[in-house]
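The data block below is start34.cif; it holds mmCIF, C-alpha atoms.
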data_query
loop_
_atom_site.label_atom_id
_atom_site.label_comp_id
_atom_site.auth_asym_id
_atom_site.auth_seq_id
_atom_site.Cartn_x
_atom_site.Cartn_y
_atom_site.Cartn_z
CA MET B 126 111.90 94.86 117.76
CA LEU B 127 114.99 94.50 115.59
CA GLU B 128 114.05 90.87 114.97
CA GLN B 129 110.82 91.98 113.34
CA TRP B 130 112.77 94.09 110.87
CA MET B 131 115.10 91.19 110.15
CA TYR B 132 111.99 89.22 109.35
CA ILE B 133 111.03 91.80 106.75
CA GLY B 134 114.52 91.44 105.31
CA ILE B 135 114.11 87.66 104.97
CA PHE B 136 110.68 88.16 103.44
CA MET B 137 112.08 90.59 100.87
CA VAL B 138 114.75 88.09 99.84
CA VAL B 139 112.12 85.34 99.46
CA ALA B 140 109.80 87.69 97.58
CA MET B 141 112.63 88.77 95.26
CA MET B 142 113.25 85.15 94.32
CA LEU B 143 109.84 84.66 92.71
CA PRO B 144 110.07 87.29 89.94
CA SER B 145 113.77 86.53 89.38
CA ILE B 146 113.04 82.82 88.89
CA ALA B 147 110.15 83.67 86.58
CA ILE B 148 112.40 85.86 84.41
CA ILE B 149 115.16 83.23 84.34
CA ILE B 150 112.78 80.39 83.40
CA ALA B 151 111.20 82.49 80.68
CA GLY B 152 114.67 83.44 79.45
CA LEU B 153 115.58 79.76 79.13
CA LEU B 154 112.33 78.58 77.54
CA SER B 155 111.26 81.42 75.30
CA PRO B 156 112.44 81.66 71.68
CA ARG B 157 114.86 84.44 70.81
CA ARG B 158 114.97 85.45 67.17
CA PRO B 159 115.41 89.22 67.12
CA ASN B 160 115.56 91.25 63.96
CA PRO B 161 115.87 95.02 63.44
CA ILE B 162 112.19 95.49 62.62
CA LYS B 163 111.02 93.56 65.67
CA ASN B 164 113.33 95.55 67.91
CA SER B 165 112.36 98.94 66.58
CA THR B 166 110.38 101.25 68.85
CA TYR B 167 106.65 100.57 68.75
CA GLU B 168 104.68 103.44 67.31
CA CYS B 169 101.48 101.98 65.92
CA GLY B 170 103.12 100.62 62.78
CA ILE B 171 104.70 103.81 61.48
CA GLU B 172 108.35 104.72 61.72
CA THR B 173 109.36 106.58 64.88
CA VAL B 174 109.13 110.34 64.58
CA GLY B 175 111.66 112.27 66.64
CA PRO B 176 113.59 111.00 69.63
CA GLY B 177 112.22 108.32 71.95
CA TRP B 178 112.91 110.52 74.94
CA PRO B 179 110.94 113.64 74.03
CA GLN B 180 110.64 116.81 76.07
CA PHE B 181 107.70 116.74 78.40
CA ARG B 182 105.78 119.45 80.15
CA VAL B 183 107.16 121.10 83.24
CA GLN B 184 103.82 120.57 85.00
CA TYR B 185 104.89 117.09 86.14
CA TYR B 186 107.82 118.67 87.96
CA ILE B 187 105.62 121.25 89.69
CA PHE B 188 103.25 118.54 90.88
CA GLY B 189 106.22 116.56 92.14
CA LEU B 190 107.43 119.56 94.10
CA VAL B 191 104.03 120.30 95.64
CA PHE B 192 103.63 116.62 96.49
CA LEU B 193 106.98 116.55 98.27
CA ILE B 194 106.00 119.47 100.53
CA PHE B 195 102.61 118.07 101.49
CA ASP B 196 103.78 114.48 101.85
CA VAL B 197 106.44 115.44 104.37
CA GLU B 198 103.87 117.47 106.27
CA THR B 199 101.36 114.61 106.23
CA VAL B 200 103.93 112.26 107.71
CA PHE B 201 104.17 114.60 110.71
CA LEU B 202 100.50 113.87 111.42
CA PHE B 203 101.18 110.18 112.13
CA PRO B 204 103.16 110.45 115.40
CA TRP B 205 100.62 113.02 116.55
CA ALA B 206 97.76 110.65 115.71
CA VAL B 207 99.36 107.81 117.70
CA ALA B 208 99.88 109.89 120.83
CA TYR B 209 96.62 111.79 120.44
CA ASN B 210 94.65 110.08 123.20
CA ARG B 211 97.33 110.91 125.75
CA LEU B 212 97.76 114.56 124.80
CA GLY B 213 94.26 116.01 125.18
CA LEU B 214 92.86 119.34 124.09
CA PHE B 215 96.22 121.10 123.75
CA ALA B 216 97.34 118.67 121.06
CA ALA B 217 94.03 119.08 119.24
CA VAL B 218 94.47 122.86 119.09
CA GLU B 219 98.08 122.50 117.98
CA ALA B 220 97.15 120.04 115.25
CA ALA B 221 94.32 122.30 114.15
CA LEU B 222 96.88 125.09 113.73
CA PHE B 223 99.20 122.74 111.84
CA ILE B 224 96.42 121.61 109.51
CA ALA B 225 95.38 125.24 109.01
CA ILE B 226 98.96 126.03 107.88
CA LEU B 227 98.84 123.02 105.56
CA ALA B 228 95.53 124.21 104.14
CA GLY B 229 97.02 127.69 103.74
CA GLY B 230 99.85 126.22 101.70
CA LEU B 231 97.38 124.32 99.57
CA ILE B 232 95.32 127.46 98.93
CA TYR B 233 98.51 129.35 98.00
CA ALA B 234 99.54 126.66 95.51
CA TRP B 235 95.99 126.61 94.17
CA LYS B 236 95.85 130.41 93.68
CA LYS B 237 99.29 130.41 92.05
CA GLY B 238 97.95 127.96 89.48
CA ALA B 239 100.30 125.14 90.45
CA LEU B 240 97.38 122.72 90.59
CA ARG B 241 95.96 123.67 87.20
CA TRP B 242 96.61 121.15 84.46
CA LEU B 243 97.10 123.26 81.34
CA MET W 77 115.98 83.43 118.45
CA ASP W 78 116.60 79.80 117.48
CA ALA W 79 116.72 77.73 114.32
CA GLY W 80 113.03 76.77 114.62
CA MET W 81 112.11 80.44 114.68
CA ILE W 82 114.04 81.18 111.50
CA LEU W 83 112.47 78.11 109.85
CA GLU W 84 109.04 79.40 110.83
CA TRP W 85 109.86 82.77 109.27
CA VAL W 86 111.08 81.28 106.02
CA ILE W 87 108.06 78.96 105.77
CA LYS W 88 105.69 81.85 106.44
CA SER W 89 107.41 84.02 103.83
CA VAL W 90 107.22 81.29 101.20
CA VAL W 91 103.56 80.57 102.00
CA MET W 92 102.76 84.27 101.78
CA VAL W 93 104.47 84.69 98.41
CA LEU W 94 102.81 81.57 96.98
CA MET W 95 99.44 82.64 98.37
CA LEU W 96 99.73 86.05 96.70
CA THR W 97 100.82 84.49 93.41
CA GLY W 98 97.92 82.03 93.46
CA GLY W 99 95.62 84.85 94.53
CA PHE W 100 96.84 86.94 91.61
CA ALA W 101 96.15 84.13 89.15
CA TYR W 102 92.60 83.69 90.36
CA VAL W 103 91.84 87.39 90.70
CA THR W 104 92.48 87.73 86.96
CA LEU W 105 90.01 84.91 86.31
CA PHE W 106 87.55 86.38 88.83
CA GLU W 107 87.72 89.76 87.12
CA ARG W 108 87.19 88.31 83.65
CA LYS W 109 84.28 86.20 84.84
CA VAL W 110 82.56 89.04 86.70
CA ILE W 111 83.00 91.52 83.85
CA ALA W 112 81.74 88.92 81.41
CA ARG W 113 78.62 88.37 83.52
CA ILE W 114 78.02 92.13 83.83
CA GLN W 115 78.29 92.44 80.03
CA VAL W 116 75.98 89.42 79.56
CA ARG W 117 78.77 87.19 78.27
CA VAL W 118 80.01 83.87 79.61
CA GLY W 119 83.71 84.60 80.01
CA PRO W 120 86.56 82.09 79.84
CA ASN W 121 85.10 78.57 80.10
CA ARG W 122 87.29 76.35 77.90
CA ALA W 123 90.33 75.51 80.06
CA GLY W 124 89.01 73.13 82.69
CA PRO W 125 85.52 73.11 84.23
CA GLN W 126 84.11 76.67 84.21
CA GLY W 127 87.51 77.88 83.02
CA VAL W 128 89.27 77.32 86.36
CA LEU W 129 92.51 76.34 84.63
CA GLN W 130 92.58 79.51 82.52
CA PRO W 131 95.26 81.29 84.66
CA ILE W 132 97.60 78.29 84.24
CA ALA W 133 97.07 78.32 80.49
CA ASP W 134 97.84 82.05 80.45
CA ALA W 135 101.00 81.57 82.49
CA VAL W 136 102.28 78.79 80.21
CA LYS W 137 101.57 80.91 77.16
CA LEU W 138 103.43 83.90 78.59
CA ILE W 139 106.48 81.81 79.55
CA PHE W 140 106.87 80.60 75.98
CA LYS W 141 106.48 84.04 74.39
CA GLU W 142 109.49 85.74 72.89
CA GLU W 143 110.74 88.70 74.89
CA LEU W 144 111.64 91.77 72.89
CA THR W 145 113.98 94.52 73.99
CA PRO W 146 113.77 97.68 71.90
CA ALA W 147 117.04 98.61 70.26
CA GLY W 148 117.15 102.06 71.85
CA ALA W 149 116.22 100.91 75.36
CA ASP W 150 118.38 101.23 78.45
CA LYS W 151 118.75 97.46 78.86
CA LYS W 152 119.69 97.15 82.54
CA ILE W 153 116.91 99.40 83.75
CA PHE W 154 114.52 97.80 81.28
CA ILE W 155 115.02 94.43 83.01
CA LEU W 156 115.18 95.88 86.52
CA ALA W 157 111.96 97.91 86.28
CA PRO W 158 109.47 94.98 86.45
CA LEU W 159 111.35 93.58 89.44
CA ILE W 160 111.18 96.94 91.25
CA THR W 161 107.44 97.05 90.54
CA VAL W 162 106.67 93.54 91.78
CA LEU W 163 108.75 93.55 94.97
CA PRO W 164 106.79 96.23 96.89
CA ALA W 165 103.50 94.65 95.79
CA LEU W 166 104.59 91.35 97.31
CA THR W 167 106.09 92.74 100.51
CA VAL W 168 103.48 95.31 101.51
CA LEU W 169 101.25 92.73 103.20
CA ALA W 170 104.00 91.65 105.62
CA VAL W 171 102.54 93.75 108.47
CA VAL W 172 98.88 92.82 108.00
CA PRO W 173 97.48 90.28 110.50
CA LEU W 174 95.60 87.56 108.61
CA GLY W 175 94.00 86.01 111.67
CA PRO W 176 94.25 85.60 115.44
CA PRO W 177 97.16 83.51 116.83
CA LEU W 178 96.72 79.80 116.10
CA ASN W 179 98.00 76.72 117.92
CA LEU W 180 99.85 74.59 115.40
CA PHE W 181 102.22 71.71 116.19
CA GLY W 182 102.36 72.64 119.86
CA ARG W 183 103.45 76.23 119.41
CA THR W 184 101.57 79.47 119.01
CA VAL W 185 101.81 80.73 115.47
CA ASN W 186 100.95 84.36 114.76
CA LEU W 187 99.15 84.74 111.48
CA PHE W 188 101.15 87.77 110.43
CA LEU W 189 104.65 87.93 109.10
CA THR W 190 105.75 90.66 111.42
CA ASP W 191 104.24 93.18 113.81
CA ILE W 192 106.22 96.41 113.73
CA ASN W 193 105.01 99.41 115.70
CA VAL W 194 105.07 101.63 112.59
CA GLY W 195 103.07 99.24 110.38
CA VAL W 196 101.01 101.96 108.72
CA LEU W 197 104.10 103.99 107.83
CA TYR W 198 105.69 100.83 106.44
CA ILE W 199 102.69 100.34 104.15
CA ILE W 200 102.79 103.93 102.89
CA ALA W 201 106.55 103.78 102.35
CA ILE W 202 106.54 100.46 100.51
CA THR W 203 103.64 101.32 98.21
CA SER W 204 105.52 104.45 97.14
CA ILE W 205 108.48 102.40 95.93
CA SER W 206 106.47 100.83 93.11
CA VAL W 207 106.20 104.31 91.56
CA TYR W 208 109.93 104.07 90.79
CA GLY W 209 109.44 100.81 88.90
CA ILE W 210 106.73 102.30 86.73
CA THR W 211 108.61 105.53 86.03
CA LEU W 212 111.80 103.65 85.16
CA ALA W 213 109.88 101.22 82.95
CA GLY W 214 108.41 104.11 81.01
CA TRP W 215 111.70 105.93 80.73
CA SER W 216 113.94 102.99 79.85
CA SER W 217 111.71 101.82 76.96
CA ASN W 218 112.81 104.76 74.78
CA ASN W 219 109.25 105.08 73.53
CA LYS W 220 107.12 108.21 73.64
CA TYR W 221 103.95 106.44 74.73
CA ALA W 222 105.73 104.50 77.42
CA MET W 223 107.43 107.59 78.76
CA LEU W 224 104.26 109.67 78.88
CA GLY W 225 102.42 106.75 80.44
CA GLY W 226 105.11 106.41 83.09
CA LEU W 227 105.05 110.14 83.84
CA ARG W 228 101.28 110.17 84.08
CA ALA W 229 101.33 107.19 86.40
CA THR W 230 103.88 108.91 88.61
CA ALA W 231 101.97 112.18 88.80
CA GLN W 232 98.72 110.34 89.48
CA MET W 233 100.09 108.04 92.14
CA ILE W 234 101.85 110.78 94.10
CA SER W 235 98.74 112.97 93.95
CA TYR W 236 96.47 110.30 95.37
CA GLU W 237 99.02 109.12 97.89
CA LEU W 238 98.37 112.28 99.93
CA ALA W 239 94.65 111.52 100.16
CA LEU W 240 95.46 107.89 100.95
CA GLY W 241 97.82 108.88 103.76
CA LEU W 242 95.28 111.31 105.25
CA ALA W 243 92.52 108.68 105.05
CA ILE W 244 94.69 106.33 107.13
CA VAL W 245 95.30 108.96 109.84
CA GLY W 246 91.69 108.52 111.02
CA PRO W 247 91.98 104.86 112.09
CA VAL W 248 95.38 105.63 113.65
CA ILE W 249 93.83 108.34 115.85
CA LEU W 250 90.99 106.03 116.89
CA ALA W 251 93.27 103.08 117.63
CA GLY W 252 96.11 105.11 119.14
CA SER W 253 98.65 102.90 117.40
CA MET W 254 100.26 102.43 114.01
CA SER W 255 100.52 98.65 114.41
CA LEU W 256 97.88 96.90 112.31
CA VAL W 257 97.45 94.22 114.98
CA ASP W 258 96.39 96.93 117.45
CA ILE W 259 94.19 98.62 114.86
CA VAL W 260 92.28 95.38 114.30
CA ASP W 261 91.92 94.85 118.05
CA ALA W 262 90.58 98.37 118.46
CA GLN W 263 87.74 97.51 116.09
CA ARG W 264 86.19 94.92 118.41
CA PRO W 265 83.34 97.23 119.48
CA MET W 266 82.71 98.67 116.04
CA TRP W 267 84.25 98.74 112.56
CA PHE W 268 86.12 101.92 111.70
CA ALA W 269 84.12 102.17 108.47
CA VAL W 270 81.16 103.13 110.68
CA LEU W 271 83.14 105.62 112.78
CA GLN W 272 85.08 106.97 109.78
CA PRO W 273 82.68 106.96 106.81
CA ALA W 274 84.44 109.84 105.03
CA GLY W 275 87.85 108.27 105.60
CA PHE W 276 86.55 104.95 104.29
CA VAL W 277 85.22 106.45 101.06
CA LEU W 278 88.39 108.50 100.68
CA TYR W 279 90.53 105.41 101.12
CA PHE W 280 88.49 103.51 98.57
CA ILE W 281 88.74 106.20 95.87
CA ALA W 282 92.41 106.97 96.53
CA SER W 283 93.35 103.30 96.55
CA LEU W 284 91.68 102.80 93.15
CA ALA W 285 93.86 105.60 91.79
CA GLU W 286 96.91 104.29 93.61
CA VAL W 287 96.74 100.91 91.87
CA ASN W 288 95.81 102.50 88.51
CA ARG W 289 92.42 100.84 88.29
CA ALA W 290 89.50 102.12 86.27
CA PRO W 291 88.13 104.80 86.31
CA PHE W 292 91.62 106.07 87.13
CA ASP W 293 93.56 103.90 84.65
CA MET W 294 94.88 106.94 82.80
CA PRO W 295 98.47 105.65 82.62
CA GLU W 296 97.20 102.89 80.36
CA ALA W 297 94.58 104.85 78.44
CA GLU W 298 94.82 102.77 75.28
CA GLN W 299 93.26 105.31 72.92
CA GLU W 300 95.95 107.86 73.75
CA LEU W 301 98.98 105.94 74.95
CA THR W 302 98.59 102.38 73.62
CA ALA W 303 99.50 100.39 76.73
CA GLY W 304 101.26 103.18 78.64
CA TYR W 305 104.43 102.36 80.53
CA HIS W 306 104.45 98.68 79.52
CA SER W 307 103.99 99.27 75.76
CA GLU W 308 107.38 97.79 74.96
CA TYR W 309 107.22 94.88 77.39
CA SER W 310 106.38 91.38 76.28
CA GLY W 311 106.46 87.83 77.59
CA MET W 312 107.35 87.28 81.23
CA LYS W 313 108.37 90.89 81.90
CA PHE W 314 104.92 92.01 80.83
CA ALA W 315 103.43 89.30 83.04
CA LEU W 316 105.33 90.75 86.01
CA PHE W 317 103.71 94.18 85.52
CA PHE W 318 100.36 92.47 85.26
CA MET W 319 101.14 90.51 88.40
CA ALA W 320 102.17 93.66 90.26
CA GLU W 321 98.92 95.36 89.36
CA TYR W 322 96.70 92.52 90.54
CA ILE W 323 98.72 91.80 93.67
CA LYS W 324 98.47 95.51 94.51
CA MET W 325 94.71 95.19 94.09
CA ILE W 326 94.69 92.34 96.60
CA ALA W 327 96.99 94.33 98.88
CA VAL W 328 94.90 97.50 98.98
CA ALA W 329 91.75 95.42 99.47
CA THR W 330 93.34 93.53 102.37
CA ILE W 331 94.73 96.69 103.96
CA GLY W 332 91.41 98.45 103.50
CA ALA W 333 89.52 95.55 105.05
CA THR W 334 92.00 95.56 107.95
CA LEU W 335 91.85 99.31 108.58
CA PHE W 336 88.14 99.89 108.08
CA LEU W 337 86.21 96.61 108.00
CA GLY W 338 87.55 94.97 111.13
CA GLY W 339 90.16 92.76 109.47
CA TYR W 340 89.80 89.17 110.59
CA LEU W 341 87.17 89.99 113.23
CA GLY W 342 83.72 88.43 112.97
CA PRO W 343 81.26 86.39 115.01
CA PHE W 344 82.77 83.50 117.04
CA VAL W 345 86.29 84.39 115.94
CA ASP W 346 87.61 84.19 119.52
CA ARG W 347 86.31 80.67 120.06
CA PHE W 348 87.34 79.33 116.64
CA PRO W 349 90.44 81.27 115.55
CA ILE W 350 90.49 79.39 112.26
CA LEU W 351 87.46 81.47 111.18
CA GLY W 352 89.62 84.64 111.22
CA PRO W 353 91.38 84.17 107.87
CA LEU W 354 88.08 83.09 106.31
CA TYR W 355 86.37 86.31 107.39
CA LEU W 356 89.28 88.33 106.03
CA VAL W 357 89.20 86.50 102.70
CA ALA W 358 85.44 87.03 102.45
CA LYS W 359 85.85 90.78 103.05
CA VAL W 360 88.68 90.98 100.51
CA VAL W 361 86.62 89.15 97.88
CA VAL W 362 83.71 91.56 98.39
CA TRP W 363 86.12 94.50 98.12
CA LEU W 364 87.63 93.12 94.90
CA PHE W 365 84.16 92.52 93.50
CA VAL W 366 83.31 96.19 94.07
CA MET W 367 86.57 97.22 92.36
CA VAL W 368 85.69 95.12 89.29
CA TRP W 369 82.13 96.39 89.36
CA VAL W 370 83.38 100.00 89.37
CA ARG W 371 85.62 99.20 86.41
CA SER W 372 82.76 97.84 84.35
CA ALA W 373 80.35 100.62 85.30
CA LEU W 374 82.32 103.89 85.11
CA PRO W 375 84.08 105.53 82.14
CA ARG W 376 87.65 106.74 82.41
CA ILE W 377 88.16 110.26 83.79
CA ARG W 378 89.98 112.87 81.71
CA TYR W 379 93.53 113.47 82.99
CA ASP W 380 93.17 117.13 84.05
CA ARG W 381 89.96 116.29 85.91
CA LEU W 382 91.70 113.36 87.56
CA MET W 383 94.42 115.64 88.92
CA ALA W 384 91.83 118.22 89.96
CA LEU W 385 89.85 115.55 91.83
CA GLY W 386 92.93 114.42 93.69
CA TRP W 387 94.25 117.83 94.67
CA LYS W 388 91.16 120.01 94.94
CA VAL W 389 88.60 117.56 96.33
CA LEU W 390 90.15 114.51 97.98
CA PHE W 391 93.16 116.19 99.64
CA PRO W 392 91.17 119.03 101.32
CA LEU W 393 88.51 116.47 102.26
CA GLY W 394 91.21 114.37 103.90
CA LEU W 395 92.45 117.37 105.91
CA VAL W 396 88.92 118.19 107.06
CA ASN W 397 88.33 114.54 107.96
CA VAL W 398 91.44 114.44 110.15
CA LEU W 399 90.43 117.66 111.87
CA VAL W 400 86.83 116.59 112.49
CA THR W 401 87.96 113.19 113.78
CA ALA W 402 90.38 114.86 116.17
CA LEU W 403 87.71 117.26 117.44
CA ILE W 404 85.14 114.51 117.97
CA VAL W 405 87.66 112.34 119.81
CA VAL W 406 88.49 115.28 122.12
CA LEU W 407 84.83 116.16 122.74
CA VAL W 408 83.68 112.59 123.32
CA GLY W 409 86.74 111.99 125.43
CA GLY W 410 88.49 109.29 123.39
#

Target format structure tokens, applied to this file:
Amino acid sequence: MLEQWMYIGIFMVVAMMLPSIAIIIAGLLSPRRPNPIKNSTYECGIETVGPGWPQFRVQYYIFGLVFLIFDVETVFLFPWAVAYNRLGLFAAVEAALFIAILAGGLIYAWKKGALRWL
Amino acid sequence: MDAGMILEWVIKSVVMVLMLTGGFAYVTLFERKVIARIQVRVGPNRAGPQGVLQPIADAVKLIFKEELTPAGADKKIFILAPLITVLPALTVLAVVPLGPPLNLFGRTVNLFLTDINVGVLYIIAITSISVYGITLAGWSSNNKYAMLGGLRATAQMISYELALGLAIVGPVILAGSMSLVDIVDAQRPMWFAVLQPAGFVLYFIASLAEVNRAPFDMPEAEQELTAGYHSEYSGMKFALFFMAEYIKMIAVATIGATLFLGGYLGPFVDRFPILGPLYLVAKVVVWLFVMVWVRSALPRIRYDRLMALGWKVLFPLGLVNVLVTALIVVLVGG
């Protein structure tokens, strides 16, 4: 089993080589004549207004938080799904309860307005 | 574990990476040709017969383009971000079986890189990593459009990842295993697309959003955000983002074909194992064709509706699908 993971490690090293080589070759072959105008921030031809790292809405954070909760709970469904055939009706009832709790959480977030994009 | 084994691994890894790179090059050509035909145009036809050398011409052009780094950018992360985006796209297919075991040079060669017993979890985990690359690319550019594009991409990808994960639970219940080799074997009597129609449709829609394809290509909505998170990228670094997107398309098509369309299975595949990869490639090409077709047929969805679709339609649908699948399996008796 551990061998299989080592294999993934080797594959990642090989896979990492391709984009690295591409960047290095391009770095060697491409021209490099920077000037201040070329290197300025792109904003459709006009000069940049305000900072490049502006404030952004908090909504992204709320979605991230809700995602984190549900993603962790979804991952719990996988071991259950694998062992499902061996567990029978009891596991089905338990999972139904678990999914009902998940759905309850979703309805709560929905009612609280966390899923509304203002 | 001997030296021959390690050699086999390295050769397989290199072949896989080259195959995906070549696949990427020709998927771009395929997409341009198909869209051209749908729009009653001819498409690229100058480089080589029928334009078959077009991807090579594009690659050469991109290598010789000057690479710009914005003055205000965070330089290290700016260079690292395309690498972080490409790596998961290349490695996600490691657990997918491409065909039945073959006899080559007197030894049995498995046509998959590795068969881990948590293959499905590996896929979900690895695809999530590319979100980091996109977010960091948007942030490090020090550009408003890039940053908003990166944030949008993040929010969109995490929203649809839930539906994607729930869509995959169905095949796992039916196969009783998270290994993709077992999941393919379990589809010998019938494809899971037939047993799991809702899961199949869910997977298709969520995977379109996951790889930022139209009609869910909000992160790159050019009217609002120019090119989104890769606005400031040029030359080879831009090409790497492009490569990641198309390799991810191939990856979700291959994984989808493996989970729902029987993978490499097809008529006579047991007698002639060499047919296995051909069946898989045929299914992947059909899948990619549908993705391109969808792009040319549907307009982009507005961002708030996109989020609403993910959270209020697809996610509850995924929960119901898991529940119904579980109930049916219990009633029928597995």

Quiz item: Which residues of chain B are close to chain W, meaning at most 6 Å apart when you count only C-alpha atoms, and how do they look as a list of chain:residue names?
Solution: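 On the chain B side, the interface is B:Gln129, B:Phe136, B:Ala151, B:Ser155, B:Pro156, B:Arg157, B:Asn164, B:Ser165, B:Thr166, B:Gly177, B:Trp178, B:Ala206, B:Val207, B:Trp242.
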
Running the PyMOL selection byres ((chain W and resi 212) around 8) on this model by hand, what would come out? Give it as a PDB file with C-alpha atoms, in the frame of the given file.
ATOM      1  CA  ILE W 153     116.910  99.400  83.750  1.00  0.00           C
ATOM      2  CA  PHE W 154     114.520  97.800  81.280  1.00  0.00           C
ATOM      3  CA  ALA W 157     111.960  97.910  86.280  1.00  0.00           C
ATOM      4  CA  TYR W 208     109.930 104.070  90.790  1.00  0.00           C
ATOM      5  CA  GLY W 209     109.440 100.810  88.900  1.00  0.00           C
ATOM      6  CA  ILE W 210     106.730 102.300  86.730  1.00  0.00           C
ATOM      7  CA  THR W 211     108.610 105.530  86.030  1.00  0.00           C
ATOM      8  CA  ALA W 213     109.880 101.220  82.950  1.00  0.00           C
ATOM      9  CA  GLY W 214     108.410 104.110  81.010  1.00  0.00           C
ATOM     10  CA  TRP W 215     111.700 105.930  80.730  1.00  0.00           C
ATOM     11  CA  SER W 216     113.940 102.990  79.850  1.00  0.00           C
ATOM     12  CA  GLY W 226     105.110 106.410  83.090  1.00  0.00           C
TER      13      GLY W 226
END

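Taking CA of Ile226 in chain B as the reference point, CA of Val389 in chain W is found at 17.7 Å.
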
Quiz item: At what distance in Å, to one decimal, does CA of Leu354 in chain W lie from CA of Arg371 in chain W?
Solution: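 Going from CA of Arg371 in chain W over to CA of Leu354 in chain W, I get 25.7 Å.
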
Exercise. Identify which of the residues W:Phe106, W:Phe314, W:Phe344, W:Trp369 lies closest to Ile148 in chain B, counting all atoms listed in the file when measuring atom-to-atom distances.
Key: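 Smallest distance to Ile148 in chain B is found for W:Phe314.
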
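A straight line drawn from CA of Val191 in chain B to CA of Pro375 in chain W is 28.3 Å long.
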
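Evaluated against this file, the PyMOL selection byres ((chain B and resi 228) around 12) yields Phe195, Glu198, Thr199, Ala220, Ala221, Leu222, Phe223, Ile224, Ala225, Ile226, Leu227, Gly229, Gly230, Leu231, Ile232, Tyr233, Ala234 and Trp235 of chain B; Trp387, Lys388, Phe391, Pro392, Leu393, Gly394, Leu395, Val396 and Leu399 of chain W.
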
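Among the candidates W:Pro349, W:Asp150, W:Gly342, W:Gly225, the one nearest to Phe181 in chain B when counting all atoms listed in the file is W:Gly225.
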
Exercise. Excluding Leu278 in chain W and residues on its chain fewer than 4 positions from it, collect all residues at most 8 Å away from it, counting all atoms listed in the file, and give them as a count of residues only.
Key: 7

Quiz item: For Ala147 in chain B, which residue among W:Ala135, W:Val345, W:Arg108, W:Met367 is the nearest when counting only C-alpha atoms?
Solution: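 Nearest to Ala147 in chain B: W:Ala135.
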
Can you put N, CA and C atoms back into range 151-162 of chain B and show it as a PDB file, in the frame of the given file?
ATOM      1  N   ALA B 151     111.676  82.001  81.978  1.00  0.00           N
ATOM      2  CA  ALA B 151     111.200  82.490  80.680  1.00  0.00           C
ATOM      3  C   ALA B 151     112.368  82.723  79.742  1.00  0.00           C
ATOM      4  N   GLY B 152     113.491  83.206  80.289  1.00  0.00           N
ATOM      5  CA  GLY B 152     114.670  83.440  79.450  1.00  0.00           C
ATOM      6  C   GLY B 152     115.195  82.146  78.850  1.00  0.00           C
ATOM      7  N   LEU B 153     115.083  81.033  79.637  1.00  0.00           N
ATOM      8  CA  LEU B 153     115.580  79.760  79.130  1.00  0.00           C
ATOM      9  C   LEU B 153     114.617  79.152  78.107  1.00  0.00           C
ATOM     10  N   LEU B 154     113.310  79.304  78.357  1.00  0.00           N
ATOM     11  CA  LEU B 154     112.330  78.580  77.540  1.00  0.00           C
ATOM     12  C   LEU B 154     111.857  79.345  76.317  1.00  0.00           C
ATOM     13  N   SER B 155     111.891  80.689  76.386  1.00  0.00           N
ATOM     14  CA  SER B 155     111.260  81.420  75.300  1.00  0.00           C
ATOM     15  C   SER B 155     112.188  81.474  74.082  1.00  0.00           C
ATOM     16  N   PRO B 156     111.614  81.547  72.884  1.00  0.00           N
ATOM     17  CA  PRO B 156     112.440  81.660  71.680  1.00  0.00           C
ATOM     18  C   PRO B 156     113.084  83.039  71.621  1.00  0.00           C
ATOM     19  N   ARG B 157     114.156  83.158  70.897  1.00  0.00           N
ATOM     20  CA  ARG B 157     114.860  84.440  70.810  1.00  0.00           C
ATOM     21  C   ARG B 157     115.355  84.617  69.383  1.00  0.00           C
ATOM     22  N   ARG B 158     114.560  85.226  68.561  1.00  0.00           N
ATOM     23  CA  ARG B 158     114.970  85.450  67.170  1.00  0.00           C
ATOM     24  C   ARG B 158     114.758  86.927  66.840  1.00  0.00           C
ATOM     25  N   PRO B 159     115.625  87.777  67.357  1.00  0.00           N
ATOM     26  CA  PRO B 159     115.410  89.220  67.120  1.00  0.00           C
ATOM     27  C   PRO B 159     115.785  89.614  65.706  1.00  0.00           C
ATOM     28  N   ASN B 160     115.121  90.630  65.203  1.00  0.00           N
ATOM     29  CA  ASN B 160     115.560  91.250  63.960  1.00  0.00           C
ATOM     30  C   ASN B 160     115.301  92.746  64.071  1.00  0.00           C
ATOM     31  N   PRO B 161     115.931  93.558  63.246  1.00  0.00           N
ATOM     32  CA  PRO B 161     115.870  95.020  63.440  1.00  0.00           C
ATOM     33  C   PRO B 161     114.440  95.550  63.458  1.00  0.00           C
ATOM     34  N   ILE B 162     113.558  94.955  62.669  1.00  0.00           N
ATOM     35  CA  ILE B 162     112.190  95.490  62.620  1.00  0.00           C
ATOM     36  C   ILE B 162     111.449  95.174  63.914  1.00  0.00           C
TER      37      ILE B 162
END
